[in-house]
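Below is work-v4.txt, which holds compact mmCIF, C-alpha atoms.
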```txt
# COMPACT_ATOMS: atom_id res chain seq x y z
CA MET A 1 237.02 68.76 -35.17
CA CYS A 2 233.36 67.86 -35.68
CA ILE A 3 234.12 64.15 -35.17
CA LYS A 4 235.99 64.95 -31.98
CA ILE A 5 233.01 66.90 -30.53
CA MET A 6 230.60 64.06 -31.46
CA SER A 7 232.78 61.40 -29.88
CA THR A 8 233.20 63.52 -26.72
CA ARG A 9 229.42 63.92 -26.48
CA LYS A 10 228.89 60.18 -26.98
CA PHE A 11 231.46 59.47 -24.29
CA LYS A 12 229.70 61.86 -21.90
CA LEU A 13 226.32 60.32 -22.70
CA LYS A 14 227.74 56.86 -22.04
CA LYS A 15 229.12 58.02 -18.69
CA VAL A 16 225.74 59.49 -17.75
CA ARG A 17 224.02 56.20 -18.66
CA VAL A 18 226.52 54.13 -16.69
CA SER A 19 226.22 56.43 -13.69
CA PHE A 20 222.43 56.31 -13.87
CA MET A 21 222.48 52.51 -14.01
CA LEU A 22 224.85 52.35 -11.04
CA ILE A 23 222.60 54.65 -9.00
CA CYS A 24 219.52 52.56 -9.91
CA LEU A 25 221.41 49.36 -8.99
CA SER A 26 222.46 50.83 -5.66
CA LEU A 27 218.91 52.00 -4.83
CA THR A 28 217.53 48.59 -5.83
CA ILE A 29 219.94 46.84 -3.48
CA PHE A 30 218.94 49.06 -0.56
CA MET A 31 215.22 48.79 -1.31
CA MET A 32 215.38 45.03 -1.84
CA PRO A 33 213.93 43.97 1.55
CA THR A 34 210.79 45.95 0.72
CA PHE A 35 210.17 44.16 -2.53
CA ALA A 36 211.72 40.76 -1.84
CA ALA A 37 208.40 39.06 -1.19
CA ALA A 38 206.27 39.24 -4.35
CA ARG A 39 202.96 38.03 -3.00
CA GLY A 40 199.36 37.70 -4.03
CA TYR A 41 195.81 36.86 -3.02
CA TYR A 42 194.57 33.36 -3.80
CA PHE A 43 191.01 32.31 -3.01
CA ASN A 44 189.06 29.06 -3.00
CA GLY A 45 185.33 29.12 -2.32
CA ALA A 46 182.06 30.69 -3.33
CA VAL A 47 180.06 33.90 -3.55
CA TYR A 48 176.45 34.97 -3.50
CA LYS A 49 175.55 38.23 -5.19
CA ALA A 50 172.60 40.01 -3.59
CA ASN A 51 171.94 43.12 -1.57
CA ASN A 52 172.29 41.93 1.98
CA ASN A 53 172.64 42.68 5.65
CA GLY A 54 175.18 39.95 6.28
CA GLY A 55 176.38 36.40 5.71
CA ALA A 56 176.92 33.24 7.72
CA ILE A 57 178.64 29.87 7.39
CA ASN A 58 179.40 26.84 9.52
CA LEU A 59 183.10 26.33 9.01
CA GLU A 60 185.62 23.74 10.07
CA VAL A 61 188.89 24.94 11.60
CA GLY A 62 191.90 23.75 9.62
CA ASN A 63 195.60 23.73 10.42
CA PRO A 64 197.26 24.56 7.10
CA VAL A 65 200.97 24.82 6.35
CA VAL A 66 201.92 28.51 6.15
CA ASP A 67 204.94 29.89 4.28
CA VAL A 68 207.11 31.05 7.17
CA SER A 69 209.89 32.49 5.00
CA ASN A 70 207.49 35.06 3.55
CA PHE A 71 205.62 35.80 6.80
CA SER A 72 202.40 34.62 5.20
CA ASP A 73 198.99 33.71 6.62
CA VAL A 74 196.16 31.42 5.62
CA SER A 75 192.53 31.98 6.54
CA ALA A 76 188.94 30.89 6.00
CA TRP A 77 185.98 33.20 6.55
CA VAL A 78 182.61 34.63 5.64
CA MET A 79 182.32 38.21 4.47
CA THR A 80 179.76 40.81 3.47
CA CYS A 81 181.19 43.30 1.01
CA ASP A 82 180.87 45.52 -1.99
CA GLY A 83 181.66 42.94 -4.65
CA SER A 84 182.83 45.61 -7.07
CA LYS A 85 185.63 46.71 -4.72
CA TYR A 86 188.57 45.08 -2.99
CA PHE A 87 188.72 46.84 0.33
CA ASP A 88 185.09 47.43 1.36
CA TYR A 89 184.28 44.45 3.56
CA ALA A 90 183.51 43.02 6.99
CA GLN A 91 184.52 39.42 7.72
CA VAL A 92 184.79 36.85 10.48
CA GLY A 93 186.54 33.48 10.54
CA TRP A 94 189.83 31.87 11.52
CA TYR A 95 193.36 32.51 10.32
CA LYS A 96 196.78 31.04 10.89
CA ASP A 97 199.73 33.42 10.86
CA TYR A 98 203.24 32.22 10.01
CA ASN A 99 204.25 32.41 13.68
CA TYR A 100 201.21 30.54 15.08
CA SER A 101 201.15 26.85 15.94
CA THR A 102 197.37 26.72 15.45
CA PRO A 103 194.86 29.19 14.01
CA LYS A 104 193.11 32.00 15.86
CA TYR A 105 189.62 33.38 15.46
CA PHE A 106 189.48 36.87 14.02
CA TYR A 107 187.27 39.54 12.57
CA GLU A 108 188.37 42.31 10.24
CA TYR A 109 186.72 45.23 8.49
CA SER A 110 187.78 47.85 6.03
CA TYR A 111 186.43 50.79 4.09
CA GLY A 112 188.64 51.83 1.22
CA SER A 113 192.36 51.49 1.47
CA ASP A 114 192.75 53.88 4.42
CA PHE A 115 190.37 52.51 7.04
CA TRP A 116 191.25 49.07 8.38
CA ARG A 117 190.68 47.29 11.69
CA LYS A 118 191.42 43.72 12.82
CA VAL A 119 190.74 41.93 16.09
CA THR A 120 192.29 38.57 16.87
CA LEU A 121 190.44 36.45 19.39
CA GLY A 122 191.51 33.20 21.08
CA TYR A 123 193.09 30.10 19.59
CA ALA A 124 190.83 27.88 17.48
CA THR A 125 191.03 24.09 17.67
CA PRO A 126 191.65 22.37 14.31
CA GLY A 127 188.81 19.99 13.47
CA ASN A 128 186.23 22.01 15.42
CA PHE A 129 183.18 23.44 13.67
CA ASN A 130 181.93 26.94 14.40
CA ASP A 131 179.06 29.07 13.22
CA TYR A 132 180.37 32.41 11.92
CA ARG A 133 178.02 35.28 11.31
CA VAL A 134 178.71 38.83 10.18
CA GLY A 135 175.51 40.84 10.03
CA CYS A 136 174.05 44.23 10.72
CA ASP A 137 170.98 45.93 12.06
CA SER A 138 170.18 49.53 11.21
CA SER A 139 173.19 50.96 13.04
CA LYS A 140 175.88 48.34 13.70
CA MET A 141 177.70 45.41 12.14
CA TYR A 142 178.11 42.44 14.50
CA PHE A 143 180.84 39.79 14.42
CA ILE A 144 179.40 36.61 15.86
CA ILE A 145 180.91 33.19 16.56
CA ASP A 146 178.62 30.43 17.83
CA ASN A 147 175.85 32.91 18.55
CA ILE A 148 177.97 35.22 20.72
CA SER A 149 178.95 38.67 19.49
CA TYR A 150 182.66 39.39 19.95
CA GLY A 151 182.73 42.77 18.27
CA THR A 152 180.72 45.52 16.65
CA VAL A 153 181.39 48.49 14.42
CA ASN A 154 179.17 51.41 13.55
CA LEU A 155 177.87 51.22 9.99
CA THR A 156 178.86 54.85 9.59
CA ASP A 157 182.48 53.67 9.77
CA ILE A 158 181.98 51.12 6.98
CA PRO A 159 179.27 52.66 4.78
CA PHE A 160 179.86 50.46 1.75
CA THR A 161 177.20 48.93 -0.46
CA ARG A 162 176.56 45.37 0.74
CA ASN A 163 175.87 43.59 -2.53
CA CYS A 164 177.81 40.36 -2.12
CA VAL A 165 178.45 37.65 0.46
CA GLN A 166 181.66 35.64 0.14
CA TYR A 167 182.82 32.35 1.67
CA PHE A 168 186.48 31.58 1.04
CA GLY A 169 189.72 30.01 2.05
CA GLU A 170 192.52 32.53 1.37
CA THR A 171 196.29 32.16 0.90
CA HIS A 172 199.04 34.58 -0.16
CA GLU A 173 201.93 32.45 -1.32
CA ILE A 174 202.10 29.49 -3.70
CA ALA A 175 203.83 27.64 -0.85
CA ASP A 176 200.87 28.22 1.49
CA GLN A 177 198.55 25.27 1.88
CA CYS A 178 194.97 26.00 0.96
CA PRO A 179 192.99 24.81 4.01
CA GLY A 180 192.16 21.10 3.80
CA THR A 181 193.81 18.00 2.36
CA VAL A 182 192.63 15.46 -0.23
CA THR A 183 191.65 13.00 2.51
CA ASN A 184 190.56 15.60 5.08
CA PRO A 185 189.01 18.57 3.29
CA ILE A 186 187.68 21.61 5.14
CA SER A 187 183.93 21.85 5.16
CA PHE A 188 181.81 24.95 4.57
CA SER A 189 178.16 24.27 5.49
CA TYR A 190 174.85 26.08 5.54
CA SER A 191 175.91 29.14 3.59
CA GLN A 192 173.43 31.84 4.49
CA TYR A 193 172.80 35.48 3.82
CA LYS A 194 170.72 38.01 5.69
CA THR A 195 168.20 39.71 3.46
CA THR A 196 167.65 43.45 3.58
CA SER A 197 164.46 42.55 5.46
CA ASN A 198 166.71 40.95 8.08
CA VAL A 199 165.75 37.32 7.40
CA TRP A 200 168.48 34.67 7.34
CA LEU A 201 168.16 32.41 4.30
CA THR A 202 170.22 29.39 3.26
CA ILE A 203 171.44 29.92 -0.30
CA ASN A 204 173.39 28.18 -3.05
CA ALA A 205 176.68 30.01 -3.42
CA THR A 206 178.60 29.75 -6.68
CA ASN A 207 182.27 29.31 -7.48
CA PRO A 208 183.63 32.34 -9.40
CA ASN A 209 186.45 30.16 -10.76
CA SER A 210 186.45 27.13 -13.08
CA LEU A 211 184.35 24.22 -11.86
CA GLY A 212 186.25 22.33 -9.16
CA TYR A 213 189.05 24.87 -8.76
CA GLY A 214 190.04 27.95 -6.81
CA ASP A 215 192.47 30.60 -8.05
CA LEU A 216 195.32 28.07 -8.18
CA THR A 217 195.25 24.65 -9.81
CA THR A 218 196.19 23.14 -6.45
CA MET A 219 193.12 24.73 -4.84
CA ARG A 220 190.25 22.29 -5.27
CA ASN A 221 186.60 22.23 -4.21
CA ASN A 222 183.38 20.32 -4.87
CA ILE A 223 181.06 23.29 -5.37
CA LEU A 224 178.39 22.30 -7.91
CA SER A 225 178.07 24.25 -11.17
CA SER A 226 174.58 25.27 -10.06
CA GLY A 227 175.95 26.39 -6.69
CA SER A 228 176.06 24.69 -3.28
CA TRP A 229 174.99 25.42 0.28
CA THR A 230 177.53 22.96 1.62
CA TRP A 231 180.91 22.12 0.12
CA GLU A 232 184.53 21.27 0.85
CA ILE A 233 187.85 22.80 -0.13
CA TRP A 234 191.32 21.24 -0.12
CA ASP A 235 194.86 21.52 -1.42
CA SER A 236 195.64 18.77 -3.95
CA ARG A 237 199.31 18.69 -2.85
CA TYR A 238 198.42 17.44 0.63
CA TYR A 239 197.03 14.04 1.62
CA MET B 1 233.98 64.59 -15.12
CA LYS B 2 234.61 60.89 -14.65
CA ARG B 3 235.97 61.62 -11.18
CA LEU B 4 232.80 63.57 -10.39
CA PHE B 5 230.54 60.62 -11.29
CA ILE B 6 232.64 58.17 -9.33
CA THR B 7 232.70 60.52 -6.34
CA SER B 8 228.90 61.05 -6.54
CA PHE B 9 228.23 57.33 -6.68
CA ALA B 10 230.60 56.61 -3.81
CA ALA B 11 228.93 59.35 -1.74
CA LEU B 12 225.46 57.96 -2.45
CA PHE B 13 226.61 54.46 -1.50
CA ILE B 14 228.12 55.67 1.76
CA VAL B 15 225.01 57.75 2.65
CA CYS B 16 222.70 54.76 2.00
CA SER B 17 224.94 52.47 4.06
CA LEU B 18 225.07 54.91 6.97
CA ALA B 19 221.29 55.43 6.82
CA THR B 20 220.69 51.67 6.91
CA ILE B 21 223.10 51.16 9.81
CA ALA B 22 221.67 54.15 11.70
CA GLY B 23 218.10 52.90 11.17
CA ALA B 24 218.98 49.47 12.53
CA ALA B 25 220.76 51.04 15.48
CA ILE B 26 217.76 53.24 16.31
CA ASN B 27 215.41 50.24 16.16
CA ASN B 28 217.67 48.24 18.43
CA THR B 29 217.99 51.13 20.85
CA GLU B 30 214.22 51.58 21.04
CA SER B 31 213.61 47.88 21.61
CA LYS B 32 216.38 47.78 24.16
CA SER B 33 215.13 50.82 26.02
CA ILE B 34 211.93 48.92 26.73
CA GLN B 35 213.92 45.95 28.03
CA ASP B 36 215.96 48.19 30.29
CA THR B 37 213.13 50.18 31.83
CA SER B 38 211.69 49.50 35.25
CA ASN B 39 208.62 47.42 35.84
CA VAL B 40 206.43 50.53 35.89
CA SER B 41 203.45 50.75 33.57
CA ASP B 42 203.31 53.46 30.95
CA SER B 43 200.54 55.99 31.43
CA LEU B 44 196.97 55.01 30.58
CA THR B 45 196.80 58.12 28.42
CA VAL B 46 198.90 56.25 25.83
CA LEU B 47 195.65 54.43 25.06
CA THR B 48 192.89 56.66 26.38
CA GLU B 49 194.07 59.42 24.04
CA ASP B 50 194.30 57.04 21.08
CA SER B 51 190.99 57.58 19.29
CA ASN B 52 191.42 54.43 17.21
CA PHE B 53 191.80 52.30 20.35
CA GLN B 54 188.79 53.99 21.91
CA GLU B 55 186.60 52.93 18.97
CA PHE B 56 186.50 49.43 20.42
CA GLY B 57 184.40 50.40 23.44
CA ILE B 58 187.13 49.61 25.94
CA LYS B 59 187.28 51.21 29.36
CA LEU B 60 190.61 51.25 31.22
CA ASN B 61 191.09 51.88 34.92
CA HIS B 62 194.27 52.21 36.95
CA MET B 63 195.57 48.94 38.34
CA ASP B 64 196.66 49.33 41.93
CA GLU B 65 197.07 45.71 42.97
CA SER B 66 200.25 43.75 42.21
CA VAL B 67 200.21 41.24 39.35
CA LYS B 68 202.19 38.06 38.67
CA ILE B 69 203.47 38.95 35.19
CA ASP B 70 206.06 41.70 35.02
CA LYS B 71 206.38 44.26 32.24
CA ASN B 72 209.34 42.72 30.44
CA THR B 73 207.77 39.25 30.46
CA ALA B 74 204.57 40.72 29.02
CA ILE B 75 206.56 42.46 26.29
CA GLU B 76 208.34 39.23 25.36
CA ILE B 77 205.00 37.38 25.13
CA ALA B 78 203.61 40.16 22.93
CA LYS B 79 206.65 40.10 20.65
CA LYS B 80 206.10 36.39 20.01
CA SER B 81 202.48 37.13 19.17
CA VAL B 82 203.14 39.87 16.62
CA GLY B 83 206.22 38.16 15.21
CA THR B 84 209.82 39.14 15.76
CA ASP B 85 210.08 41.11 12.52
CA ALA B 86 207.05 43.25 13.28
CA ALA B 87 208.34 43.80 16.82
CA LYS B 88 211.70 44.96 15.47
CA GLU B 89 210.03 47.27 12.96
CA ALA B 90 207.86 49.01 15.60
CA LYS B 91 208.63 52.70 15.93
CA LYS B 92 207.53 52.66 19.55
CA ILE B 93 206.54 50.01 22.09
CA THR B 94 204.51 50.83 25.18
CA ALA B 95 203.29 48.66 28.04
CA VAL B 96 200.23 49.66 30.01
CA LEU B 97 199.02 47.79 33.10
CA ALA B 98 195.30 48.36 33.58
CA LYS B 99 191.93 47.02 34.61
CA TYR B 100 190.27 46.29 31.29
CA THR B 101 186.56 46.38 30.61
CA ASP B 102 185.06 45.55 27.24
CA GLU B 103 181.76 47.33 27.65
CA GLU B 104 180.08 45.90 24.54
CA ASN B 105 181.47 42.39 24.25
CA PRO B 106 182.95 41.28 27.60
CA LYS B 107 182.83 37.53 26.87
CA LEU B 108 186.19 36.05 25.96
CA LEU B 109 186.03 33.32 23.35
CA ASN B 110 186.26 29.70 24.55
CA THR B 111 186.77 30.73 28.17
CA ASP B 112 184.71 31.59 31.25
CA ILE B 113 186.50 34.92 31.45
CA SER B 114 184.44 38.06 31.44
CA LEU B 115 186.50 41.12 30.57
CA ILE B 116 185.21 43.43 33.27
CA ASP B 117 187.87 45.19 35.36
CA TYR B 118 190.20 42.40 34.27
CA PRO B 119 193.94 42.89 35.05
CA VAL B 120 195.88 43.07 31.80
CA TRP B 121 199.07 44.28 30.23
CA ILE B 122 198.40 46.04 26.93
CA ILE B 123 201.55 46.00 24.86
CA THR B 124 201.28 48.41 21.94
CA PHE B 125 203.55 48.21 18.90
CA ARG B 126 203.20 51.43 16.92
CA GLY B 127 204.13 51.55 13.26
CA VAL B 128 204.38 47.98 12.01
CA THR B 129 203.60 46.66 8.54
CA LEU B 130 200.83 44.08 8.52
CA GLN B 131 199.21 42.15 5.73
CA ARG B 132 195.56 42.83 5.08
CA HIS B 133 192.80 40.70 3.60
CA ARG B 134 190.55 41.75 0.76
CA ALA B 135 187.34 40.82 -1.00
CA VAL B 136 187.14 38.97 -4.30
CA ARG B 137 185.96 41.41 -6.92
CA VAL B 138 183.13 39.59 -8.69
CA ILE B 139 181.01 42.54 -9.81
CA ASN B 140 182.39 44.58 -12.71
CA SER B 141 185.56 42.55 -12.27
CA ASP B 142 188.65 43.57 -14.14
CA ALA B 143 191.36 40.93 -14.05
CA SER B 144 194.02 43.43 -15.03
CA ALA B 145 193.28 45.48 -11.93
CA VAL B 146 193.86 42.68 -9.41
CA PRO B 147 196.17 44.17 -6.78
CA ASN B 148 199.26 42.50 -5.44
CA ILE B 149 199.38 41.88 -1.75
CA GLN B 150 198.47 44.97 0.23
CA THR B 151 199.86 45.91 3.59
CA VAL B 152 198.70 48.23 6.31
CA TYR B 153 200.91 50.48 8.42
CA ALA B 154 199.39 49.63 11.76
CA ASP B 155 199.42 49.85 15.53
CA VAL B 156 199.01 46.47 17.24
CA ASN B 157 197.76 46.13 20.82
CA VAL B 158 198.40 42.73 22.37
CA ILE B 159 196.27 42.26 25.47
CA ILE B 160 197.80 39.86 27.97
CA ASP B 161 196.42 38.43 31.20
CA ALA B 162 198.53 40.16 33.85
CA ASN B 163 198.43 37.15 36.16
CA ASN B 164 199.08 34.17 33.92
CA GLY B 165 200.58 35.66 30.74
CA ASN B 166 197.90 34.26 28.42
CA GLU B 167 197.20 36.33 25.32
CA LEU B 168 193.56 37.39 25.47
CA LYS B 169 193.09 39.27 22.22
CA THR B 170 194.85 41.55 19.77
CA ILE B 171 193.47 44.80 18.39
CA SER B 172 195.06 46.36 15.30
CA TYR B 173 194.26 49.45 13.27
CA ASN B 174 195.81 52.06 10.99
CA SER B 175 198.75 53.57 12.83
CA ILE B 176 198.49 56.96 14.48
CA VAL B 177 202.25 57.23 13.87
CA LYS B 178 203.04 58.93 10.57
```

Please, can you express the file's structure as structure tokens?
Amino acid sequence: MCIKIMSTRKFKLKKVRVSFMLICLSLTIFMMPTFAAARGYYFNGAVYKANNNGGAINLEVGNPVVDVSNFSDVSAWVMTCDGSKYFDYAQVGWYKDYNYSTPKYFYEYSYGSDFWRKVTLGYATPGNFNDYRVGCDSSKMYFIIDNISYGTVNLTDIPFTRNCVQYFGETHEIADQCPGTVTNPISFSYSQYKTTSNVWLTINATNPNSLGYGDLTTMRNNILSSGSWTWEIWDSRYY
Amino acid sequence: MKRLFITSFAALFIVCSLATIAGAAINNTESKSIQDTSNVSDSLTVLTEDSNFQEFGIKLNHMDESVKIDKNTAIEIAKKSVGTDAAKEAKKITAVLAKYTDEENPKLLNTDISLIDYPVWIITFRGVTLQRHRAVRVINSDASAVPNIQTVYADVNVIIDANNGNELKTISYNSIVK
């Protein structure tokens, strides 16, 4: 009698487990499009840690290969940010979306994970060099390309601590090409930051990764160990 | 008991299937309804009452003159710009014909165009998932806390020259659609 009760319980437990697994499997199948693209953030470039009112760089426009199947994008930019956070930043540069034939200029800013804005400007010409500047006065942050402001935002909307300036190429899939090739790297020149006294200074920015590399082993650069004010980045898979 | 589990699972499967099919049908219907509407602009209030859009210092006036690009053509151009998947995902698409003035930054990059009372179509895709950028955490960095890719549920406004169909700029922000 006792054995019969035990075996009945075991059978019931087994049925519950099987049912639970089937329900999980079914939910996974229906949720699959949401999770299909496991993606990441991959950077190649340099940073300068200091309290600041902005950053600037002269940057070459690239035309990288973008992973279309995962709706990816590749970009290069200068940013002022809170270097202890991920989503407190203001940046300007160029980016190429998976559905673009050539990159577009853009600026983007964010405060925390709930406040985000992005403006896409006109098409950029690969091979061209532009001066990008994101900097503030006492009330506004300006997004400037070649000495013309294309956007502003009130500092009250992005009240983060500006303690770091960053200059990076950014990808999101392994299949994305980091901007630049071995024979035609993308140049970052005259890295500058705006002091809290509102003076623009050229600085040596440093690579937060291993010497010569970005986040991926295919992401390469020639930033000196002591830091550089001009450098190049490229993807070692492309010639 | 066994029959109960099998019945429950079958019911769940059928509900999920119907929900998926219904969702796709609703999306298609919404997209189609835009295609089938007349060439009339949606009301300016679609944008003038959108506080996020207003943050960008843009002034819109009614457009009384005729333009060369019709509404459906403008929508098709905008769909190519945001990507077909984002366009399909949009909960709502509106098309506003207006005279557009960027009061703070009227200069349009790499052109002689000044965006003052400039005739445009503003095609707005509400409720699309976009990828966002982020900073590199170099102060108090914690490698274990590096986030996977983050997305934003956003509204995208594609601003198109109403006379030649050129895309002038795109403005995106957190969606007002919940």

Sorted by chain and rising residue number, which residues of chain A lie within 8 Å of chain B, and what are their closest atom pairs and distances in Å to one decimal, counting all atoms listed in the file, as CSV?
```
residue,atom,partner,partner_atom,distance
A:Lys15,CA,B:Lys2,CA,7.4
A:Ser19,CA,B:Phe5,CA,6.5
A:Leu22,CA,B:Phe9,CA,7.4
A:Ile23,CA,B:Phe9,CA,6.7
A:Ser26,CA,B:Phe13,CA,6.9
A:Phe30,CA,B:Cys16,CA,7.3
A:Ala38,CA,B:Asn148,CA,7.8
A:Arg39,CA,B:Ile149,CA,5.4
A:Gly40,CA,B:Ile149,CA,4.8
A:Tyr41,CA,B:Ile149,CA,6.3
A:Phe43,CA,B:Val136,CA,7.8
A:Met79,CA,B:Ala135,CA,7.9
A:Cys81,CA,B:Ala135,CA,6.9
A:Gly83,CA,B:Arg137,CA,5.1
A:Ser84,CA,B:Ile139,CA,4.5
A:Lys85,CA,B:Arg137,CA,5.7
A:Tyr86,CA,B:Ala135,CA,4.9
A:Phe87,CA,B:Arg134,CA,5.4
A:Asp88,CA,B:Ala135,CA,7.4
A:Tyr89,CA,B:Ala135,CA,6.6
A:Asn99,CA,B:Gly83,CA,6.3
A:Tyr100,CA,B:Ser81,CA,7.9
A:Asp114,CA,B:Asn174,CA,7.5
A:Phe115,CA,B:Asn174,CA,6.7
A:Trp116,CA,B:Tyr173,CA,5.8
A:Arg117,CA,B:Tyr173,CA,4.5
A:Lys118,CA,B:Ser172,CA,5.1
A:Val119,CA,B:Ile171,CA,4.6
A:Thr120,CA,B:Thr170,CA,4.9
A:Leu121,CA,B:Lys169,CA,4.8
A:Gly122,CA,B:Leu109,CA,5.9
A:Ser149,CA,B:Asn105,CA,6.5
A:Tyr150,CA,B:Asn105,CA,5.4
A:Gly151,CA,B:Asn105,CA,6.1
A:Thr152,CA,B:Glu104,CA,7.9
A:Val153,CA,B:Phe56,CA,7.9
A:Gln166,CA,B:Ala135,CA,7.8
A:His172,CA,B:Ile149,CA,7.5
A:Pro208,CA,B:Val138,CA,7.3
```

What's around Ala205 in chain A at 9 Å? Count all atoms listed in the file, leave out sequence neighbours fewer than 5 positions away in its own chain, and write the answer as a list in words.
Gly45, Ala46, Val47, Tyr48, Lys49, Val165, Gln166, Tyr167, Ser191, Gln192, Ile223, Ser226, Gly227, Ser228, Trp229 and Thr230 of chain A

Who sits within 7 Å of Tyr238 in chain A, only C-alpha atoms, same chain under 3 positions skipped, as an mmCIF file with C-alpha atoms, in the coordinates of the input:
```cif
data_model
loop_
_atom_site.group_PDB
_atom_site.id
_atom_site.type_symbol
_atom_site.label_atom_id
_atom_site.label_comp_id
_atom_site.auth_asym_id
_atom_site.auth_seq_id
_atom_site.Cartn_x
_atom_site.Cartn_y
_atom_site.Cartn_z
ATOM 1 C CA THR A 181 193.810 18.000 2.360
ATOM 2 C CA VAL A 182 192.630 15.460 -0.230
ATOM 3 C CA ASP A 235 194.860 21.520 -1.420
#
```

Mind pulling up the distance from CA of Asn58 in chain A to CA of Thr171 in chain A?
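Between CA of Thr171 in chain A and CA of Asn58 in chain A the gap is 19.7 Å.
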
Point-to-point distance in Å for CA of Asn207 in chain A and CA of Gly180 in chain A
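We find that CA of Gly180 in chain A and CA of Asn207 in chain A lie 17.1 Å from each other.
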
Nearby residues (all atoms listed in the file) at most 8 Å from Pro64 in chain A, same-chain spacing under 5 positions excluded, as an MDAnalysis selection string
chainID A and resid 74 96 176:180

Determine, counting all atoms listed in the file, every residue of protein, DNA or RNA that lies within 6 Å of (171.0, 44.3, 2.5) in the file coordinates, then give the result as a PyMOL selection string.
chain A and resi 51-53+162+195-196
